[in-house]
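Enquirer: Enclosed is the structure file coords_19.cif (mmCIF, C-alpha atoms).
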data_coords
#
loop_
_atom_site.label_atom_id
_atom_site.label_comp_id
_atom_site.auth_asym_id
_atom_site.auth_seq_id
_atom_site.Cartn_x
_atom_site.Cartn_y
_atom_site.Cartn_z
CA MET A 19 -16.87 -18.78 10.87
CA SER A 20 -20.61 -18.58 11.26
CA THR A 21 -22.21 -15.19 10.82
CA ALA A 22 -25.04 -16.22 13.08
CA THR A 23 -22.77 -16.62 16.05
CA THR A 24 -20.79 -13.44 15.47
CA ALA A 25 -21.69 -10.77 18.00
CA ARG A 26 -21.34 -7.24 16.77
CA ARG A 27 -19.30 -5.02 19.03
CA PRO A 28 -20.77 -1.64 20.05
CA TRP A 29 -19.63 1.33 17.94
CA TYR A 30 -17.44 2.79 20.69
CA ARG A 31 -15.37 -0.41 20.73
CA GLN A 32 -14.80 -0.41 16.97
CA LEU A 33 -11.32 0.47 15.74
CA TYR A 34 -12.60 2.85 13.07
CA PHE A 35 -14.34 5.01 15.69
CA TRP A 36 -11.15 5.57 17.67
CA VAL A 37 -9.08 6.18 14.54
CA ILE A 38 -11.59 8.75 13.25
CA ALA A 39 -11.60 10.45 16.66
CA ALA A 40 -7.79 10.49 16.67
CA ILE A 41 -7.64 11.99 13.16
CA VAL A 42 -10.11 14.74 14.08
CA LEU A 43 -8.19 15.56 17.27
CA GLY A 44 -4.93 15.52 15.32
CA ILE A 45 -6.27 18.03 12.78
CA VAL A 46 -7.55 20.32 15.53
CA PHE A 47 -4.25 20.07 17.41
CA GLY A 48 -2.28 20.75 14.23
CA LEU A 49 -4.29 23.87 13.42
CA ALA A 50 -4.34 25.22 16.98
CA PHE A 51 -0.76 24.42 17.96
CA PRO A 52 1.22 23.95 14.72
CA HIS A 53 4.65 24.21 16.35
CA ALA A 54 3.90 21.56 18.96
CA ALA A 55 2.11 19.38 16.41
CA ALA A 56 5.14 19.44 14.13
CA GLY A 57 6.99 17.51 16.81
CA SER A 58 4.42 14.74 17.12
CA LYS A 59 5.59 12.65 14.18
CA TRP A 60 7.34 10.26 16.56
CA LEU A 61 3.93 8.91 17.61
CA ALA A 62 3.22 7.79 14.05
CA ASP A 63 6.77 6.46 13.69
CA LEU A 64 6.30 4.43 16.87
CA PHE A 65 3.21 2.74 15.47
CA VAL A 66 4.84 2.13 12.08
CA ASN A 67 7.86 0.54 13.77
CA LEU A 68 5.61 -1.71 15.85
CA ILE A 69 3.89 -2.90 12.67
CA ARG A 70 7.20 -3.42 10.88
CA MET A 71 8.33 -5.54 13.82
CA VAL A 72 5.82 -8.24 12.87
CA THR A 73 5.20 -7.59 9.17
CA ALA A 74 8.20 -9.53 7.87
CA PRO A 75 7.53 -12.62 10.05
CA ILE A 76 3.85 -12.63 9.07
CA ILE A 77 4.67 -12.41 5.36
CA PHE A 78 7.25 -15.17 5.68
CA LEU A 79 4.98 -17.52 7.63
CA THR A 80 1.89 -16.84 5.49
CA VAL A 81 3.74 -17.45 2.22
CA VAL A 82 5.46 -20.60 3.48
CA VAL A 83 2.24 -22.07 4.87
CA GLY A 84 0.23 -21.05 1.82
CA ILE A 85 2.58 -22.46 -0.82
CA SER A 86 3.33 -25.60 1.18
CA SER A 87 -0.39 -26.29 1.54
CA LEU A 88 -0.85 -26.14 -2.24
CA GLY A 89 1.14 -29.35 -2.68
CA ASN A 90 1.90 -28.28 -6.26
CA LEU A 91 4.88 -26.06 -6.99
CA ALA A 92 3.86 -25.64 -10.63
CA LYS A 93 0.57 -24.15 -9.43
CA ALA A 94 2.46 -21.76 -7.15
CA GLY A 95 4.68 -20.69 -10.06
CA GLY A 96 1.65 -20.00 -12.23
CA LEU A 97 0.11 -17.93 -9.44
CA ALA A 98 3.27 -15.82 -9.12
CA LEU A 99 3.47 -15.18 -12.87
CA ARG A 100 -0.18 -14.15 -13.03
CA ALA A 101 0.23 -11.80 -10.08
CA ILE A 102 3.28 -10.08 -11.58
CA ALA A 103 1.62 -9.82 -15.02
CA TYR A 104 -1.51 -8.24 -13.56
CA PHE A 105 0.43 -5.80 -11.39
CA ILE A 106 2.64 -4.66 -14.29
CA VAL A 107 -0.42 -3.98 -16.46
CA MET A 108 -2.09 -2.00 -13.66
CA THR A 109 1.11 -0.05 -13.00
CA LEU A 110 1.36 0.90 -16.67
CA LEU A 111 -2.30 1.93 -16.70
CA ALA A 112 -1.83 4.14 -13.61
CA LEU A 113 1.21 5.83 -15.19
CA VAL A 114 -0.74 6.51 -18.39
CA ILE A 115 -3.71 7.95 -16.49
CA GLY A 116 -1.44 10.32 -14.55
CA LEU A 117 0.21 11.41 -17.79
CA VAL A 118 -3.13 12.06 -19.51
CA VAL A 119 -4.57 14.07 -16.60
CA VAL A 120 -1.57 16.37 -16.23
CA ASN A 121 -1.57 17.04 -19.98
CA VAL A 122 -5.29 17.88 -19.90
CA LEU A 123 -5.36 20.04 -16.74
CA HIS A 124 -1.92 21.71 -17.15
CA PRO A 125 -1.58 22.48 -13.39
CA GLY A 126 1.87 24.04 -13.79
CA VAL A 127 1.55 25.96 -17.07
CA GLY A 128 2.27 29.68 -16.76
CA LEU A 129 3.55 29.57 -13.19
CA ASN A 130 7.25 30.15 -14.02
CA LEU A 131 8.17 29.33 -10.44
CA THR A 132 11.63 29.97 -9.03
CA VAL A 133 13.28 26.86 -7.70
CA ASP A 134 15.11 26.84 -4.37
CA PRO A 135 17.48 23.83 -4.61
CA LYS A 136 18.13 23.88 -0.85
CA ALA A 137 14.53 22.85 -0.23
CA ALA A 138 15.19 19.46 -1.81
CA ASN A 139 18.78 18.69 -0.80
CA SER A 140 17.92 15.73 1.42
CA THR A 141 15.51 14.30 -1.16
CA LEU A 142 18.10 14.55 -3.95
CA GLN A 143 20.70 12.84 -1.76
CA GLN A 144 18.30 9.96 -1.05
CA ALA A 145 17.42 9.76 -4.74
CA GLY A 146 21.09 9.45 -5.63
CA ALA A 147 21.44 6.58 -3.19
CA ALA A 148 18.26 4.90 -4.43
CA ALA A 149 18.90 5.25 -8.16
CA GLU A 150 19.45 1.88 -9.78
CA GLY A 151 19.28 0.16 -13.13
CA VAL A 152 17.46 -3.02 -14.11
CA THR A 153 20.38 -5.25 -13.08
CA GLU A 154 20.70 -3.57 -9.68
CA PHE A 155 16.97 -3.85 -9.14
CA ILE A 156 17.00 -7.60 -9.83
CA LEU A 157 19.99 -8.07 -7.52
CA SER A 158 18.18 -6.12 -4.78
CA LEU A 159 15.41 -8.73 -4.76
CA VAL A 160 17.76 -11.23 -3.14
CA PRO A 161 19.08 -10.50 0.38
CA SER A 162 22.72 -11.04 1.25
CA SER A 163 21.64 -13.39 4.04
CA LEU A 164 18.49 -14.99 5.44
CA VAL A 165 18.61 -12.68 8.45
CA GLY A 166 19.18 -9.65 6.23
CA ALA A 167 15.79 -10.10 4.61
CA PHE A 168 14.09 -9.61 7.98
CA THR A 169 16.20 -6.67 9.16
CA GLY A 170 16.00 -4.64 5.93
CA THR A 171 13.16 -2.59 4.46
CA GLN A 172 12.56 -4.56 1.24
CA LEU A 173 9.49 -6.70 1.82
CA ILE A 174 10.06 -8.37 -1.54
CA GLN A 175 13.24 -9.93 -0.11
CA VAL A 176 11.19 -11.60 2.63
CA LEU A 177 8.88 -12.92 -0.08
CA VAL A 178 11.82 -14.38 -2.02
CA VAL A 179 13.20 -16.13 1.08
CA ALA A 180 9.73 -17.47 1.95
CA ILE A 181 9.26 -18.91 -1.55
CA PHE A 182 12.55 -20.82 -1.39
CA VAL A 183 11.80 -22.09 2.12
CA ALA A 184 8.36 -23.23 0.95
CA ILE A 185 9.94 -25.07 -1.99
CA GLY A 186 12.37 -26.78 0.36
CA LEU A 187 9.62 -27.64 2.82
CA SER A 188 7.43 -29.11 0.08
CA GLY A 189 10.29 -31.33 -0.97
CA LEU A 190 10.53 -32.90 2.50
CA GLY A 191 7.15 -34.61 2.16
CA GLU A 192 5.98 -36.25 5.39
CA ARG A 193 9.11 -35.13 7.23
CA GLY A 194 8.13 -31.51 6.64
CA LYS A 195 4.68 -31.72 8.21
CA PRO A 196 5.86 -31.11 11.82
CA ILE A 197 7.75 -28.03 10.60
CA LEU A 198 4.64 -26.84 8.76
CA ARG A 199 2.53 -27.24 11.91
CA ALA A 200 5.13 -25.26 13.86
CA PHE A 201 4.98 -22.47 11.28
CA GLU A 202 1.18 -22.42 11.57
CA SER A 203 1.45 -22.04 15.35
CA LEU A 204 3.96 -19.20 14.95
CA GLN A 205 1.61 -17.57 12.46
CA ALA A 206 -1.19 -17.62 15.04
CA LEU A 207 1.21 -16.09 17.57
CA MET A 208 2.15 -13.25 15.19
CA PHE A 209 -1.49 -12.42 14.53
CA GLY A 210 -1.98 -12.31 18.28
CA VAL A 211 0.82 -9.74 18.47
CA ILE A 212 -0.84 -7.72 15.70
CA LYS A 213 -4.08 -7.68 17.70
CA ALA A 214 -2.22 -6.08 20.60
CA VAL A 215 -0.33 -3.63 18.38
CA MET A 216 -3.52 -2.34 16.73
CA TRP A 217 -4.54 -0.73 20.02
CA VAL A 218 -1.78 1.78 19.29
CA ALA A 219 -3.25 2.67 15.87
CA PRO A 220 -5.30 5.69 17.09
CA ILE A 221 -2.18 7.13 18.73
CA GLY A 222 -0.23 6.69 15.52
CA ALA A 223 -3.03 8.26 13.46
CA PHE A 224 -3.18 11.24 15.85
CA GLY A 225 0.57 11.84 15.67
CA GLY A 226 0.74 11.41 11.90
CA ILE A 227 -2.11 13.76 11.00
CA ALA A 228 -1.13 16.36 13.63
CA TYR A 229 2.41 16.43 12.25
CA THR A 230 1.16 16.78 8.68
CA VAL A 231 -1.21 19.65 9.46
CA GLY A 232 1.17 21.41 11.85
CA ALA A 233 4.28 21.18 9.69
CA PHE A 234 2.87 21.62 6.20
CA GLY A 235 -0.63 23.04 6.47
CA SER A 236 0.42 26.62 5.71
CA LYS A 237 2.33 25.62 2.57
CA ILE A 238 -0.68 24.57 0.49
CA LEU A 239 -1.03 27.67 -1.67
CA GLY A 240 -2.15 28.62 -5.18
CA SER A 241 -1.41 26.21 -7.98
CA LEU A 242 0.31 23.79 -5.59
CA ALA A 243 -3.13 23.26 -4.08
CA PHE A 244 -4.50 22.79 -7.61
CA LEU A 245 -1.91 20.08 -8.25
CA MET A 246 -2.78 18.35 -5.00
CA VAL A 247 -6.53 18.46 -5.69
CA SER A 248 -5.93 17.23 -9.24
CA PHE A 249 -3.92 14.32 -7.91
CA TYR A 250 -6.59 13.37 -5.37
CA LEU A 251 -9.31 13.52 -8.03
CA THR A 252 -7.21 11.39 -10.36
CA CYS A 253 -6.79 8.78 -7.64
CA VAL A 254 -10.55 8.81 -7.01
CA VAL A 255 -11.24 8.33 -10.72
CA PHE A 256 -8.75 5.47 -10.87
CA ILE A 257 -10.35 3.76 -7.88
CA VAL A 258 -13.98 4.30 -8.86
CA VAL A 259 -13.73 3.82 -12.63
CA VAL A 260 -10.75 1.56 -13.31
CA LEU A 261 -10.75 -0.56 -10.16
CA GLY A 262 -14.55 -0.32 -10.04
CA LEU A 263 -14.88 -1.93 -13.48
CA ILE A 264 -12.37 -4.62 -12.55
CA ALA A 265 -14.23 -5.32 -9.31
CA ARG A 266 -17.50 -5.57 -11.21
CA TRP A 267 -15.92 -8.16 -13.50
CA VAL A 268 -14.83 -10.18 -10.46
CA GLY A 269 -18.35 -9.92 -9.08
CA PHE A 270 -18.33 -7.32 -6.31
CA ASN A 271 -19.05 -3.65 -5.79
CA ILE A 272 -16.01 -1.40 -5.24
CA PHE A 273 -17.88 0.79 -2.73
CA LYS A 274 -18.84 -2.22 -0.63
CA PHE A 275 -15.22 -3.31 -0.70
CA LEU A 276 -14.10 0.14 0.50
CA ARG A 277 -16.63 -0.09 3.33
CA TYR A 278 -15.28 -3.52 4.22
CA ILE A 279 -11.70 -2.25 4.61
CA LYS A 280 -12.60 1.16 6.08
CA ASP A 281 -10.65 0.51 9.29
CA GLU A 282 -7.49 -0.12 7.29
CA LEU A 283 -8.06 2.91 5.05
CA LEU A 284 -8.48 5.19 8.07
CA ILE A 285 -5.24 3.90 9.58
CA VAL A 286 -3.45 4.56 6.28
CA LEU A 287 -4.98 8.04 6.14
CA GLY A 288 -3.74 8.86 9.63
CA THR A 289 -0.25 7.37 9.35
CA SER A 290 0.37 7.99 5.62
CA SER A 291 1.79 4.47 5.37
CA SER A 292 0.28 1.47 3.59
CA GLU A 293 2.65 -0.86 5.44
CA THR A 294 0.72 -0.35 8.69
CA VAL A 295 -2.25 -2.38 7.45
CA LEU A 296 -0.55 -5.16 5.48
CA PRO A 297 -1.24 -7.95 8.03
CA ARG A 298 -4.86 -6.89 8.57
CA LEU A 299 -5.46 -6.58 4.82
CA MET A 300 -4.25 -10.15 4.32
CA THR A 301 -6.59 -11.36 7.06
CA LYS A 302 -9.61 -9.54 5.65
CA LEU A 303 -9.04 -10.75 2.11
CA GLU A 304 -8.81 -14.32 3.32
CA ALA A 305 -11.94 -13.85 5.43
CA ALA A 306 -13.69 -12.55 2.30
CA GLY A 307 -13.16 -15.79 0.40
CA ALA A 308 -9.71 -15.56 -1.20
CA SER A 309 -7.54 -18.59 -0.56
CA ARG A 310 -4.61 -18.33 1.84
CA SER A 311 -2.06 -19.24 -0.82
CA VAL A 312 -3.27 -16.47 -3.15
CA VAL A 313 -3.43 -13.82 -0.43
CA GLY A 314 -0.07 -14.82 1.02
CA LEU A 315 1.68 -14.40 -2.32
CA THR A 316 -0.20 -11.55 -3.99
CA VAL A 317 -0.42 -9.01 -1.15
CA PRO A 318 3.34 -8.85 -0.39
CA THR A 319 4.06 -8.86 -4.13
CA GLY A 320 1.52 -6.09 -4.67
CA TYR A 321 3.17 -3.94 -2.01
CA SER A 322 6.30 -3.89 -4.18
CA PHE A 323 4.93 -4.25 -7.72
CA ASN A 324 1.49 -2.65 -7.65
CA LEU A 325 1.96 0.92 -6.42
CA ASP A 326 -0.89 2.46 -8.43
CA GLY A 327 -1.07 5.67 -6.41
CA THR A 328 2.68 6.17 -6.54
CA CYS A 329 2.67 5.70 -10.32
CA ILE A 330 -0.04 8.33 -10.81
CA TYR A 331 2.01 10.66 -8.61
CA LEU A 332 5.22 10.04 -10.57
CA THR A 333 3.91 11.09 -13.97
CA MET A 334 1.81 13.98 -12.64
CA GLY A 335 4.67 15.27 -10.49
CA ALA A 336 7.25 15.08 -13.28
CA LEU A 337 5.07 16.90 -15.84
CA PHE A 338 3.99 19.51 -13.26
CA ILE A 339 7.64 20.35 -12.57
CA ALA A 340 8.32 20.63 -16.31
CA GLN A 341 5.31 22.90 -16.82
CA ALA A 342 6.03 25.06 -13.76
CA THR A 343 9.63 25.66 -14.84
CA GLY A 344 8.72 26.46 -18.44
CA HIS A 345 10.00 23.27 -20.08
CA ASP A 346 8.02 21.88 -23.01
CA ILE A 347 8.15 18.07 -23.00
CA GLY A 348 7.31 16.26 -26.24
CA ILE A 349 5.19 13.14 -26.40
CA GLY A 350 8.22 10.99 -27.24
CA THR A 351 10.04 12.11 -24.10
CA GLN A 352 6.89 11.60 -22.04
CA ILE A 353 6.61 8.02 -23.25
CA GLY A 354 10.28 7.43 -22.45
CA LEU A 355 9.74 8.87 -18.97
CA LEU A 356 6.71 6.61 -18.51
CA LEU A 357 8.65 3.48 -19.48
CA PHE A 358 11.51 4.43 -17.17
CA MET A 359 9.11 4.98 -14.28
CA LEU A 360 7.53 1.59 -14.97
CA ILE A 361 10.81 0.10 -13.73
CA SER A 362 11.86 2.69 -11.14
CA SER A 363 8.50 2.51 -9.32
CA LYS A 364 9.11 -1.15 -8.44
CA GLY A 365 11.76 -0.26 -5.88
CA ALA A 366 9.72 2.48 -4.22
CA ALA A 367 8.27 0.37 -1.41
CA GLY A 368 11.57 0.01 0.43
CA VAL A 369 12.50 3.69 0.47
CA THR A 370 11.49 6.17 3.17
CA GLY A 371 9.45 8.93 1.52
CA ALA A 372 9.21 6.57 -1.42
CA GLY A 373 7.11 8.63 -3.82
CA LEU A 374 9.16 11.82 -3.64
CA VAL A 375 12.51 10.01 -3.66
CA THR A 376 11.52 7.80 -6.60
CA LEU A 377 10.30 10.85 -8.51
CA ALA A 378 13.63 12.60 -7.92
CA ALA A 379 15.54 9.49 -9.01
CA SER A 380 13.44 9.28 -12.19
CA LEU A 381 13.96 12.95 -13.01
CA SER A 382 17.72 12.48 -12.63
CA ALA A 383 17.63 10.24 -15.70
CA PHE A 384 15.91 13.04 -17.68
CA GLY A 385 17.86 15.96 -16.23
CA THR A 386 18.47 17.50 -19.65
CA VAL A 387 14.76 18.10 -20.26
CA ILE A 388 13.32 18.38 -16.73
CA PRO A 389 15.38 20.09 -13.99
CA VAL A 390 15.78 17.60 -11.16
CA VAL A 391 16.06 20.47 -8.66
CA GLY A 392 12.46 21.24 -9.57
CA ILE A 393 11.54 18.56 -7.05
CA ALA A 394 11.81 21.39 -4.51
CA LEU A 395 8.52 22.78 -5.87
CA ILE A 396 6.45 19.91 -4.46
CA VAL A 397 8.40 19.03 -1.31
CA GLY A 398 5.99 21.12 0.76
CA ILE A 399 2.86 19.29 -0.41
CA ASP A 400 4.32 15.80 -0.76
CA ARG A 401 3.22 14.79 2.73
CA PHE A 402 -0.40 15.62 1.86
CA MET A 403 -0.18 13.73 -1.42
CA SER A 404 1.35 10.71 0.28
CA GLU A 405 -1.98 9.90 1.94
CA ALA A 406 -3.66 9.56 -1.46
CA ARG A 407 -0.74 7.50 -2.77
CA ALA A 408 -0.91 5.07 0.14
CA LEU A 409 -4.70 4.76 0.04
CA THR A 410 -4.70 4.05 -3.70
CA ASN A 411 -1.88 1.53 -3.32
CA VAL A 412 -3.74 -0.42 -0.63
CA ILE A 413 -7.03 -0.45 -2.51
CA GLY A 414 -5.31 -1.50 -5.73
CA THR A 415 -3.52 -4.36 -4.03
CA GLY A 416 -6.70 -5.54 -2.30
CA VAL A 417 -8.70 -5.55 -5.52
CA GLY A 418 -5.80 -7.18 -7.37
CA SER A 419 -5.63 -10.03 -4.88
CA LEU A 420 -9.33 -10.79 -5.39
CA VAL A 421 -8.87 -10.61 -9.17
CA ILE A 422 -6.01 -13.09 -9.09
CA ALA A 423 -7.89 -15.35 -6.68
CA ARG A 424 -10.75 -15.56 -9.18
CA TRP A 425 -8.25 -16.05 -12.02
CA GLN A 426 -6.83 -19.00 -10.10
CA GLY A 427 -10.27 -20.39 -9.31
CA GLU A 428 -9.59 -19.86 -5.59
CA LEU A 429 -12.19 -17.26 -4.72
CA ASP A 430 -15.35 -18.20 -2.86
CA ARG A 431 -17.66 -15.69 -4.54
CA ASP A 432 -20.63 -16.55 -2.31
CA ARG A 433 -18.48 -15.91 0.75
CA LEU A 434 -17.24 -12.64 -0.77
CA LYS A 435 -20.80 -11.45 -1.41
CA GLU A 436 -21.87 -12.35 2.13
CA VAL A 437 -18.95 -10.55 3.75
CA LEU A 438 -19.26 -7.39 1.65
CA ASN A 439 -22.98 -7.20 2.37
CA HIS A 440 -22.40 -7.77 6.10
CA PRO A 441 -18.85 -6.53 6.88
CA SER A 442 -19.50 -6.46 10.64
CA THR A 443 -19.44 -10.27 10.65
CA VAL A 444 -15.66 -10.16 10.18
CA ASP A 445 -13.33 -9.34 13.06
CA ALA A 446 -9.83 -8.95 11.63
CA GLU A 447 -8.01 -9.77 14.87
CA ARG A 448 -10.18 -12.69 15.97
CA ASP A 449 -10.55 -14.22 12.51
CA ALA A 450 -6.79 -14.14 11.90
CA ALA A 451 -6.16 -16.56 14.75
CA ALA A 452 -9.25 -18.65 13.95
CA GLN A 453 -8.23 -19.13 10.32
CA VAL A 454 -4.74 -20.23 11.31
CA VAL A 455 -6.01 -22.70 13.89
CA THR A 456 -8.56 -24.26 11.53
CA ALA A 457 -6.21 -24.41 8.54
#
The structure given in the file should be rewritten as structure tokens.
Expert:
Amino acid sequence: MSTATTARRPWYRQLYFWVIAAIVLGIVFGLAFPHAAAGSKWLADLFVNLIRMVTAPIIFLTVVVGISSLGNLAKAGGLALRAIAYFIVMTLLALVIGLVVVNVLHPGVGLNLTVDPKAANSTLQQAGAAAEGVTEFILSLVPSSLVGAFTGTQLIQVLVVAIFVAIGLSGLGERGKPILRAFESLQALMFGVIKAVMWVAPIGAFGGIAYTVGAFGSKILGSLAFLMVSFYLTCVVFIVVVLGLIARWVGFNIFKFLRYIKDELLIVLGTSSSETVLPRLMTKLEAAGASRSVVGLTVPTGYSFNLDGTCIYLTMGALFIAQATGHDIGIGTQIGLLLFMLISSKGAAGVTGAGLVTLAASLSAFGTVIPVVGIALIVGIDRFMSEARALTNVIGTGVGSLVIARWQGELDRDRLKEVLNHPSTVDAERDAAAQVVTA
């Protein structure tokens, strides 16, 4: 793509403008008509479902095409191991940061809040269904059938199927090339569908933010607000300091990167779901100079293994509940909780209300020292905290993909610098199809 021939669209035709307008209208509607706004969640759900309709096929096709084009399965295996290693380290770091902040700020100390178990019945039921050990987690990575991977909610299962199909396709040699070209054409088709679906993004953002403000706005009181603000600030520190230093090592500025993906971040803010921008994030990372094979493997993996925002939330939420209910948790128990959450957080991506449910499931394992019913204390503010979780998760995965691309020697750093300095030269919808066609 030549930047010289890229015409910049007027501001009123930019996606970010319409998403910002939708978010503002949603907030106003939620404050003015909270009862009516509380019933608008279906608009956000509609948009999320439309995205989910094409997310699994796009992941499958991108991974198959990317790995097959490498022509070296050993190289693909090394890429996967590096991605998982990086994401585990970042997950552990996020958990530690959350633990440190909640021990320093003590947002729940002295509250002695009374717990209403009824407020968390549905969450506890979901947590019971989602609770799993290491063996069960490993088994959950593999679908019971090829079709099951595409009809379920575990994106990691689609990734597993795609990897095996790519291995099989690579083994066909010349006979596999017609199949590979067919997959590339289907990939272009799916990105065309995404382009159409994104016109619904402002509607989804309006419904999501209106529902959040209308249904939960009045429940942000006292120290619960302090917990929420503490969590947001912790996420900001993680993004600016931790991810900022990593980005600097790779060779780019974290603030320029945030500007580059602002459309995606606004959509996540409005819908409270990182899944809604997965296809566009993959397109933008590739347009910024990361190779297709790296992006195709690391982004889906990151969505399951690199939930930085969720990990910060898990440790802060658990210790807040302990403090608010008058339970003193020793450093040994905190470390044990951290290690347990290192594993339990990996299954969060496939669960509705993932952060809250995963927190409840983790507390169940430490029920003798932290009352699991204490989850009721933060049910009211969880929806507001989910925006910060999703935003941090997306940013962490985006930065991680660029890190791994450089690690692999598959990052065009000149291209990255050009795009971050002039983000308007990239059109996510147009460039998706163009990159597939010219592959």
Enquirer: Separation of CA of Phe384 in chain A and CA of Ala336 in chain A, in Å?
Expert: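 So the two atoms, CA of Phe384 in chain A and CA of Ala336 in chain A, lie 9.9 Å apart.
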Enquirer: Please work out which residues fall within 6 Å of (-6.3, 12.4, 17.6), coordinates as given in the file, with all atoms listed in the file counting, and return them as a list in words.
Expert: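 Output: Ala39, Ala40, Ile41, Val42, Leu43, Gly44 and Phe224 of chain A.
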Enquirer: Using all atoms listed in the file, which of A:Ile393, A:Ile212, A:Leu374, A:Ile349 sits nearest Met71 in chain A?
Expert: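 For Met71 in chain A, the nearest of the candidates is A:Ile212.
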Enquirer: Determine the residue set returned by the PyMOL selection byres ((chain A and resi 127) around 8) for the present structure, and present it as a PyMOL selection string.
Expert: chain A and resi 124-126+128-130+338+341-342+344
Enquirer: Take the PyMOL selection byres ((chain A and resi 172-187) around 7), run it mentally on this structure, and tell me the resulting residues as a PyMOL selection string.
Expert: chain A and resi 74+77-78+81-82+85-86+159-161+164+167-168+170-171+188-190+194+318-319+322+368
Enquirer: If we count all atoms listed in the file and set the cut-off at 8 Å, which residues sit around Val215 in chain A, ignoring sequence neighbours fewer than 6 positions away in its own chain? Please answer as a list in words.
Expert: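 The residues satisfying every condition are Phe65, Leu68 and Ile69 of chain A.
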Enquirer: What would the file look like if the residues just selected were written as a compact mmCIF listing (two decimals), keeping the file's coordinate frame with C-alpha atoms?
Expert:
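Wrote out_31.txt, looks like this:
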# COMPACT_ATOMS: atom_id res chain seq x y z
CA PHE A 65 3.21 2.74 15.47
CA LEU A 68 5.61 -1.71 15.85
CA ILE A 69 3.89 -2.90 12.67
Enquirer: Might you pull out every residue within 8 Å of Gly84 in chain A, with all atoms listed in the file counted and same-chain residues fewer than 5 positions away left off, and present them as a VMD selection string?
Expert: chain A and resid 310 to 312 314 to 315
Enquirer: Using only C-alpha atoms, find the one residue out of A:Ala200, A:Ala305, A:Val397, A:Leu245 that sits nearest to Asp432 in chain A.
Expert: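 Checking each of A:Ala200, A:Ala305, A:Val397, A:Leu245 against Asp432 in chain A, counting only C-alpha atoms, the winner is A:Ala305.
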Enquirer: Pick out the closest residue to Phe358 in chain A from this set: A:Pro75, A:Leu113, A:Phe270, A:Ser309. Count all atoms listed in the file.
Expert: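 Nearest candidate to Phe358 in chain A out of A:Pro75, A:Leu113, A:Phe270, A:Ser309: A:Leu113.
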Enquirer: Of the residues A:Phe201, A:Tyr229, A:Phe244, A:Tyr104, which is the one nearest to Gly414 in chain A, using all atoms listed in the file?
Expert: A:Tyr104
